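Novice: Sharing a structure, written as structure tokens. Questions coming.
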Amino acid sequence: MTVPLPGVPLAEHRRLLPLLAELGYTGVWTAETNGVDAFTPLVLAAEHAPTLRLGTAIAPVYTRGPGLLAMTASALAQLAPGRFALGVGASSPVIVENWNAAAFDQPFQRTRDTLRFLRAALGGQKIDTAYDTFGVRGFALDPAPAEPPRILLAALRPGMLRLAGREADGAITNWLAVEDVPKVRAELGPKELAARIFVCPSEDAGAVRALGRRLIAAYLTVSVYAAFHDWLGRGEQLAPMHAAWAAGQRKEAAAAIPDEVVDALIVHGSYGRCREHVARYAAAGIDTPVLALVPLPGLDAERAVRELAPR
């Protein structure tokens with residue numbers, strides 16, 4: 001499950017994190033956009049839910065220096081030995097440039113270089129290396145974690161998926177449909193594939209689709225996601241959305257998204273139907289389905305957690 005849960009204060013998760021474990025969830029994963037950071041909720045989980053796996057999905061490689069990112073990951077690995085997975089990725093120009101005043105340059109190379117640095121640093125090596133996109137002189141973790149965390153890469157298209165398959169422990173993706181999974185899996189290979197799956201447990205299909213269109217328009221007009229869905233074969237379906245968005249027509253862009261695209265990318269319906277839909281992702285090749293509750297007005301997050309729990 002993605003935490004924090006929508007509409008639930010972070011402090012309330014001291015009570016809800018043990019509940020997730022009791023209900024059969026195997027792990028909690030965070031995101032990092034403009035709410036809480038990716039690591040603080042996992043510190044809570046390390047203390048209050050000592051059986052859950054903990055993961056970042058994802059921590060951007062631009063918004064912390066390489067050494068600080070390694071130190072933060074090391075701290076989580078020491079708090080939760082064997083249970084922490086560090087998910088890193090390029091993020092997006094909005095988050096990196098507009099919100100964090102960093103240059104979004106060479107995202108593939110920067111992600112690759114950060115992965116290689118983290119592998120070495122978390123493995124206890126002293127780093128004195130000039131990478132293509134940054135240099136690190138004389139850095140060593142003191143102490144390095146006794147059990148380095150697994151490192152997963154945020155990956156959408158073949159180049160990054162293949163990098164994850166070669167040099168990471170797996171990949172993290174999102175905004176994909178069940179039928180997209182085999183194409184993604186073919187590029188990654190046999191390593192772990194985690195996916196954030198957006199779930200809106202409501203039988204009001206009109207309300208879900210209205211909210212879903214707004215979310216899809218906000219995300220899939222970002223260049224990396226636009227290219228991802230072109231590669232997946234949705235270019236023609238999404239062309240009217242892109243044209244309206246480029247013309248500054250935000251409402252028209254959202255309205256241009258077909259129902260079938262919303263239904264493919266957002267799991268919705270009764271709780272039972274949602275569980276069945278998520279199960280299809282696992283059957284298609286997702287090793288770690290990470291549910292993310294879509295905050296439709298009136299959502300009772302705690303009830304949703306209970307009703308969506310593994311059966």
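Please note that chains go A, B, ... in the order of the structure tokens, that every chain numbers its residues from 1, and that ligands are numbered from 1 in the order shown.
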Can you tell me, as a ChimeraX atom specification, which residues in range 90-172 of chain A count as strand (DSSP E) by DSSP?

Specialist: /A:127-130,135-139,150-154,170-172

Novice: Could the residues in this selection be saved with C-alpha atoms as an mmCIF file, in the first residue's frame?

Specialist:
data_model
loop_
_atom_site.group_PDB
_atom_site.id
_atom_site.type_symbol
_atom_site.label_atom_id
_atom_site.label_comp_id
_atom_site.auth_asym_id
_atom_site.auth_seq_id
_atom_site.Cartn_x
_atom_site.Cartn_y
_atom_site.Cartn_z
ATOM 1 C CA ILE A 127 34.186 6.557 -3.594
ATOM 2 C CA ASP A 128 36.631 8.746 -5.475
ATOM 3 C CA THR A 129 35.130 8.748 -8.941
ATOM 4 C CA ALA A 130 34.318 11.151 -11.771
ATOM 5 C CA GLY A 135 31.988 13.625 -9.332
ATOM 6 C CA VAL A 136 32.440 12.333 -5.781
ATOM 7 C CA ARG A 137 35.763 12.628 -3.963
ATOM 8 C CA GLY A 138 36.664 10.635 -0.876
ATOM 9 C CA PHE A 139 33.145 9.678 0.300
ATOM 10 C CA ARG A 150 17.933 -3.560 -2.769
ATOM 11 C CA ILE A 151 17.922 -0.753 -5.349
ATOM 12 C CA LEU A 152 15.104 -0.439 -7.865
ATOM 13 C CA LEU A 153 14.988 2.052 -10.740
ATOM 14 C CA ALA A 154 11.965 4.000 -11.886
ATOM 15 C CA GLY A 170 14.509 -4.386 -10.386
ATOM 16 C CA ALA A 171 12.299 -1.649 -11.769
ATOM 17 C CA ILE A 172 9.382 0.474 -10.608
#

Novice: If we count only C-alpha atoms, what is near Thr63 in chain A at a cut-off of 12 Å, once residues fewer than 4 positions away on the same chain are taken out, given as a list in words?

Specialist: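 Non-adjacent residues within range: Glu32, Thr33, Asp37, Ala38, Ile58, Ala59, Gly67, Leu68, Leu69, Val88, Gly89, Ala90, Ser91, Ser92, Pro93, Val94, Ile95, Val96, Glu97, Asn98, Trp99, Asn100, Ala101, Ala102, Ala103, Phe104, Arg110, Thr111 and Thr114 of chain A.
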
Novice: Write a file of the selected residues as a short mmCIF file (atom, residue, chain, number, x, y, z; two decimals), in the first residue's frame, keeping N, CA and C atoms.

Specialist:
data_model
loop_
_atom_site.label_atom_id
_atom_site.label_comp_id
_atom_site.auth_asym_id
_atom_site.auth_seq_id
_atom_site.Cartn_x
_atom_site.Cartn_y
_atom_site.Cartn_z
N GLU A 32 7.22 10.77 -3.64
CA GLU A 32 7.78 12.06 -3.23
C GLU A 32 7.48 13.07 -4.33
N THR A 33 6.44 13.89 -4.07
CA THR A 33 6.09 14.94 -5.02
C THR A 33 6.10 16.28 -4.29
N ASP A 37 8.03 13.78 2.43
CA ASP A 37 9.17 13.21 1.70
C ASP A 37 9.04 11.69 1.66
N ALA A 38 9.91 11.05 0.90
CA ALA A 38 9.81 9.60 0.70
C ALA A 38 10.29 8.78 1.88
N ILE A 58 9.17 7.14 -5.84
CA ILE A 58 10.62 6.98 -5.79
C ILE A 58 11.24 8.22 -5.13
N ALA A 59 12.55 8.10 -4.79
CA ALA A 59 13.33 9.25 -4.37
C ALA A 59 14.07 9.78 -5.61
N GLY A 67 25.83 11.86 -1.83
CA GLY A 67 26.20 11.43 -0.49
C GLY A 67 25.02 11.44 0.47
N LEU A 68 24.19 12.48 0.42
CA LEU A 68 23.03 12.56 1.30
C LEU A 68 22.04 11.45 0.98
N LEU A 69 21.83 11.18 -0.30
CA LEU A 69 20.92 10.09 -0.67
C LEU A 69 21.43 8.76 -0.12
N VAL A 88 14.81 4.67 -6.79
CA VAL A 88 15.27 5.98 -7.25
C VAL A 88 14.90 6.15 -8.71
N GLY A 89 14.85 7.42 -9.13
CA GLY A 89 14.53 7.69 -10.53
C GLY A 89 14.77 9.15 -10.86
N ALA A 90 14.58 9.46 -12.13
CA ALA A 90 14.84 10.82 -12.60
C ALA A 90 13.77 11.80 -12.13
N SER A 91 12.56 11.34 -11.85
CA SER A 91 11.43 12.21 -11.53
C SER A 91 11.04 13.00 -12.78
N SER A 92 10.68 14.27 -12.65
CA SER A 92 10.18 15.04 -13.79
C SER A 92 10.70 16.47 -13.73
N PRO A 93 10.69 17.20 -14.85
CA PRO A 93 11.14 18.59 -14.84
C PRO A 93 10.38 19.47 -13.86
N VAL A 94 9.08 19.22 -13.68
CA VAL A 94 8.30 20.04 -12.75
C VAL A 94 8.86 19.92 -11.34
N ILE A 95 9.07 18.69 -10.89
CA ILE A 95 9.55 18.47 -9.52
C ILE A 95 10.99 18.92 -9.38
N VAL A 96 11.82 18.60 -10.36
CA VAL A 96 13.25 18.87 -10.24
C VAL A 96 13.56 20.35 -10.47
N GLU A 97 13.04 20.91 -11.55
CA GLU A 97 13.39 22.29 -11.91
C GLU A 97 12.48 23.31 -11.26
N ASN A 98 11.16 23.12 -11.42
CA ASN A 98 10.23 24.14 -10.93
C ASN A 98 10.14 24.20 -9.42
N TRP A 99 10.27 23.05 -8.76
CA TRP A 99 10.06 23.00 -7.32
C TRP A 99 11.35 22.88 -6.53
N ASN A 100 12.41 22.40 -7.14
CA ASN A 100 13.64 22.16 -6.39
C ASN A 100 14.87 22.86 -6.98
N ALA A 101 14.66 23.72 -7.96
CA ALA A 101 15.71 24.61 -8.45
C ALA A 101 16.96 23.88 -8.91
N ALA A 102 16.77 22.69 -9.50
CA ALA A 102 17.89 21.92 -10.05
C ALA A 102 17.68 21.75 -11.55
N ALA A 103 18.74 21.52 -12.28
CA ALA A 103 18.64 21.34 -13.73
C ALA A 103 18.32 19.89 -14.05
N PHE A 104 17.31 19.68 -14.86
CA PHE A 104 16.90 18.33 -15.26
C PHE A 104 17.68 17.95 -16.53
N ARG A 110 22.23 10.57 -15.52
CA ARG A 110 22.27 10.91 -14.09
C ARG A 110 21.72 9.76 -13.26
N THR A 111 20.67 9.13 -13.73
CA THR A 111 20.11 7.99 -13.00
C THR A 111 21.10 6.83 -12.98
N THR A 114 23.98 7.68 -10.60
CA THR A 114 23.56 7.61 -9.20
C THR A 114 23.41 6.16 -8.76
#

Novice: Pick out the closest residue to Ala70 in chain A from this set: A:Leu122, A:Val262, A:Ala49, A:Leu115. Count only C-alpha atoms.

Specialist: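 Looking only at the distances to Ala70 in chain A, the closest residue turns out to be A:Leu122.
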
Novice: Leaving out range 240-249 of chain A and any residue of its chain fewer than 6 positions from it, which residues lie within 9 Å of it when counting only C-alpha atoms, given as a PyMOL selection string?

Specialist: chain A and resi 217+220-221+226+255-257

Novice: Could the residues in this selection be written to a file with N, CA and C atoms, as an mmCIF file, in the first residue's frame?

Specialist:
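Just written: out-v3.cif:
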data_model
loop_
_atom_site.group_PDB
_atom_site.id
_atom_site.type_symbol
_atom_site.label_atom_id
_atom_site.label_comp_id
_atom_site.auth_asym_id
_atom_site.auth_seq_id
_atom_site.Cartn_x
_atom_site.Cartn_y
_atom_site.Cartn_z
ATOM 1 N N ALA A 217 -4.654 13.613 -17.395
ATOM 2 C CA ALA A 217 -4.213 14.785 -18.154
ATOM 3 C C ALA A 217 -3.020 15.450 -17.483
ATOM 4 N N LEU A 220 0.021 12.387 -17.901
ATOM 5 C CA LEU A 220 0.421 11.842 -19.193
ATOM 6 C C LEU A 220 0.760 12.913 -20.224
ATOM 7 N N THR A 221 0.603 14.193 -19.858
ATOM 8 C CA THR A 221 1.107 15.265 -20.717
ATOM 9 C C THR A 221 2.557 15.605 -20.391
ATOM 10 N N ALA A 226 4.237 10.874 -21.705
ATOM 11 C CA ALA A 226 3.715 10.907 -23.077
ATOM 12 C C ALA A 226 4.483 9.923 -23.949
ATOM 13 N N ALA A 255 -11.275 16.231 -21.076
ATOM 14 C CA ALA A 255 -12.499 15.694 -21.662
ATOM 15 C C ALA A 255 -12.218 14.809 -22.867
ATOM 16 N N ALA A 256 -11.066 14.986 -23.501
ATOM 17 C CA ALA A 256 -10.730 14.223 -24.710
ATOM 18 C C ALA A 256 -10.228 12.821 -24.413
ATOM 19 N N ILE A 257 -10.018 12.489 -23.156
ATOM 20 C CA ILE A 257 -9.492 11.168 -22.806
ATOM 21 C C ILE A 257 -10.631 10.147 -22.857
#

Novice: For Ala205 in chain A, which residue among A:Ile266, A:Leu176, A:Ala168, A:Leu193 is the nearest when counting only C-alpha atoms?

Specialist: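 With only C-alpha atoms as the atom set, the closest residue is A:Ile266.
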
Novice: Which one of A:Asp263, A:Asp287, A:Glu302, A:Glu276 sits closest to Ile216 in chain A if you count only C-alpha atoms?

Specialist: A:Asp263

Novice: Given the choices A:Thr30, A:Ser223, A:Gln109, A:Thr51, which gets closest to Leu86 in chain A if the distance is worked out from only C-alpha atoms?

Specialist: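 Ranked by minimum distance to Leu86 in chain A, first place goes to A:Thr30.
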
Novice: Can you pull out every residue within 9 Å of Ala264 in chain A, counting only C-alpha atoms, but drop anything in the same chain fewer than 5 positions away, and send it as a list in words?

Specialist: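 Listing them by chain and then by number gives Leu176, Ala177, Val178, Glu179 and Asp259 of chain A.
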
Novice: Using only C-alpha atoms, which residues sit within 9 Å of range 4-20 of chain A once same-chain residues fewer than 2 positions away are excluded, as JSON, numbers by chain?

Specialist: {"A": [1, 2, 22, 23, 24, 25, 26, 27, 28, 29, 30, 31, 36, 41, 44, 45, 47, 48, 49, 50, 51, 52, 292, 293, 294, 295, 299, 300, 301, 302, 305, 306, 309]}

Novice: Would you output that residue set with C-alpha atoms, as a PDB file, in the first residue's frame?

Specialist:
ATOM      1  CA  MET A   1       0.000   0.000   0.000  1.00  0.00           C
ATOM      2  CA  THR A   2       1.153   3.540  -0.716  1.00  0.00           C
ATOM      3  CA  GLU A  22      -2.421  -7.513  10.379  1.00  0.00           C
ATOM      4  CA  LEU A  23      -4.582  -7.329   7.252  1.00  0.00           C
ATOM      5  CA  GLY A  24      -2.011  -9.144   5.135  1.00  0.00           C
ATOM      6  CA  TYR A  25      -0.316  -6.343   3.241  1.00  0.00           C
ATOM      7  CA  THR A  26       3.334  -7.195   2.693  1.00  0.00           C
ATOM      8  CA  GLY A  27       4.824  -3.718   2.441  1.00  0.00           C
ATOM      9  CA  VAL A  28       4.394   0.044   2.356  1.00  0.00           C
ATOM     10  CA  TRP A  29       5.809   2.312  -0.312  1.00  0.00           C
ATOM     11  CA  THR A  30       6.067   6.070  -0.471  1.00  0.00           C
ATOM     12  CA  ALA A  31       6.052   8.682  -3.201  1.00  0.00           C
ATOM     13  CA  VAL A  36       5.709  14.378   2.707  1.00  0.00           C
ATOM     14  CA  PRO A  41       6.853   7.653   6.667  1.00  0.00           C
ATOM     15  CA  LEU A  44       7.480   5.359  11.266  1.00  0.00           C
ATOM     16  CA  ALA A  45       6.829   2.029   9.580  1.00  0.00           C
ATOM     17  CA  GLU A  47       9.222   1.267  14.254  1.00  0.00           C
ATOM     18  CA  HIS A  48       5.495   0.495  14.244  1.00  0.00           C
ATOM     19  CA  ALA A  49       5.212  -2.305  11.666  1.00  0.00           C
ATOM     20  CA  PRO A  50       8.355  -4.421  11.990  1.00  0.00           C
ATOM     21  CA  THR A  51       7.190  -7.103   9.540  1.00  0.00           C
ATOM     22  CA  LEU A  52       6.420  -4.867   6.568  1.00  0.00           C
ATOM     23  CA  ALA A 292      -2.364   3.855  -4.325  1.00  0.00           C
ATOM     24  CA  LEU A 293      -5.781   5.065  -3.234  1.00  0.00           C
ATOM     25  CA  VAL A 294      -7.251   7.742  -5.495  1.00  0.00           C
ATOM     26  CA  PRO A 295      -8.820  10.358  -3.207  1.00  0.00           C
ATOM     27  CA  LEU A 299     -13.206   8.170   0.438  1.00  0.00           C
ATOM     28  CA  ASP A 300     -12.847   6.405   3.786  1.00  0.00           C
ATOM     29  CA  ALA A 301      -9.192   5.399   3.570  1.00  0.00           C
ATOM     30  CA  GLU A 302      -9.269   3.059   6.548  1.00  0.00           C
ATOM     31  CA  VAL A 305      -7.533  -0.496   3.358  1.00  0.00           C
ATOM     32  CA  ARG A 306      -9.617  -3.122   5.129  1.00  0.00           C
ATOM     33  CA  ALA A 309      -6.727  -6.300   1.861  1.00  0.00           C
TER      34      ALA A 309
END

Novice: Mind giving me the straight-line distance from CA of Glu307 in chain A to CA of Ala207 in chain A in Å, one decimal?

Specialist: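 Going from CA of Glu307 in chain A over to CA of Ala207 in chain A, I get 20.1 Å.
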
Novice: Would you mind writing down, as a PyMOL selection string, each residue of range 10-120 of chain A that DSSP on the backbone assigns to alpha helix (DSSP H)?

Specialist: chain A and resi 13-23+40-48+66-79+93+107-120

Novice: List the spatial neighbours of Ala227 in chain A as a PyMOL selection string - criterion: any atom at most 12 Å away, only C-alpha atoms, same-chain residues fewer than 5 positions off excluded.

Specialist: chain A and resi 156-158+219-222+232-235+238-239+242

Novice: Residues at most 9 Å from Gln125 in chain A, counting only C-alpha atoms, excluding those fewer than 6 positions away in the same chain, as a list in words?

Specialist: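 What passes the distance filter is Arg119, Phe139, Ala140, Leu141 and Ala144 of chain A.
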
Novice: Output N, CA and C atoms for every residue in the selection just made, as a PDB file, in the first residue's frame.

Specialist:
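Result written to out-v9.pdb:
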ATOM      1  N   ARG A 119      25.326   1.811  -5.402  1.00  0.00           N
ATOM      2  CA  ARG A 119      25.765   0.421  -5.289  1.00  0.00           C
ATOM      3  C   ARG A 119      27.091   0.339  -4.532  1.00  0.00           C
ATOM      4  N   PHE A 139      34.334   9.929  -0.527  1.00  0.00           N
ATOM      5  CA  PHE A 139      33.145   9.678   0.300  1.00  0.00           C
ATOM      6  C   PHE A 139      33.074   8.211   0.695  1.00  0.00           C
ATOM      7  N   ALA A 140      32.792   7.981   1.978  1.00  0.00           N
ATOM      8  CA  ALA A 140      32.528   6.619   2.458  1.00  0.00           C
ATOM      9  C   ALA A 140      31.521   6.698   3.594  1.00  0.00           C
ATOM     10  N   LEU A 141      30.539   5.813   3.588  1.00  0.00           N
ATOM     11  CA  LEU A 141      29.567   5.751   4.674  1.00  0.00           C
ATOM     12  C   LEU A 141      30.242   5.243   5.947  1.00  0.00           C
ATOM     13  N   ALA A 144      28.702   1.833   6.916  1.00  0.00           N
ATOM     14  CA  ALA A 144      27.826   1.344   5.853  1.00  0.00           C
ATOM     15  C   ALA A 144      26.882   0.312   6.453  1.00  0.00           C
TER      16      ALA A 144
END

Novice: Which is closer to Pro60 in chain A than all the others in A:Tyr131, A:Ile286, A:Gly87, A:Asn34, using only C-alpha atoms?

Specialist: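 For Pro60 in chain A, the nearest of the given residues is A:Gly87.
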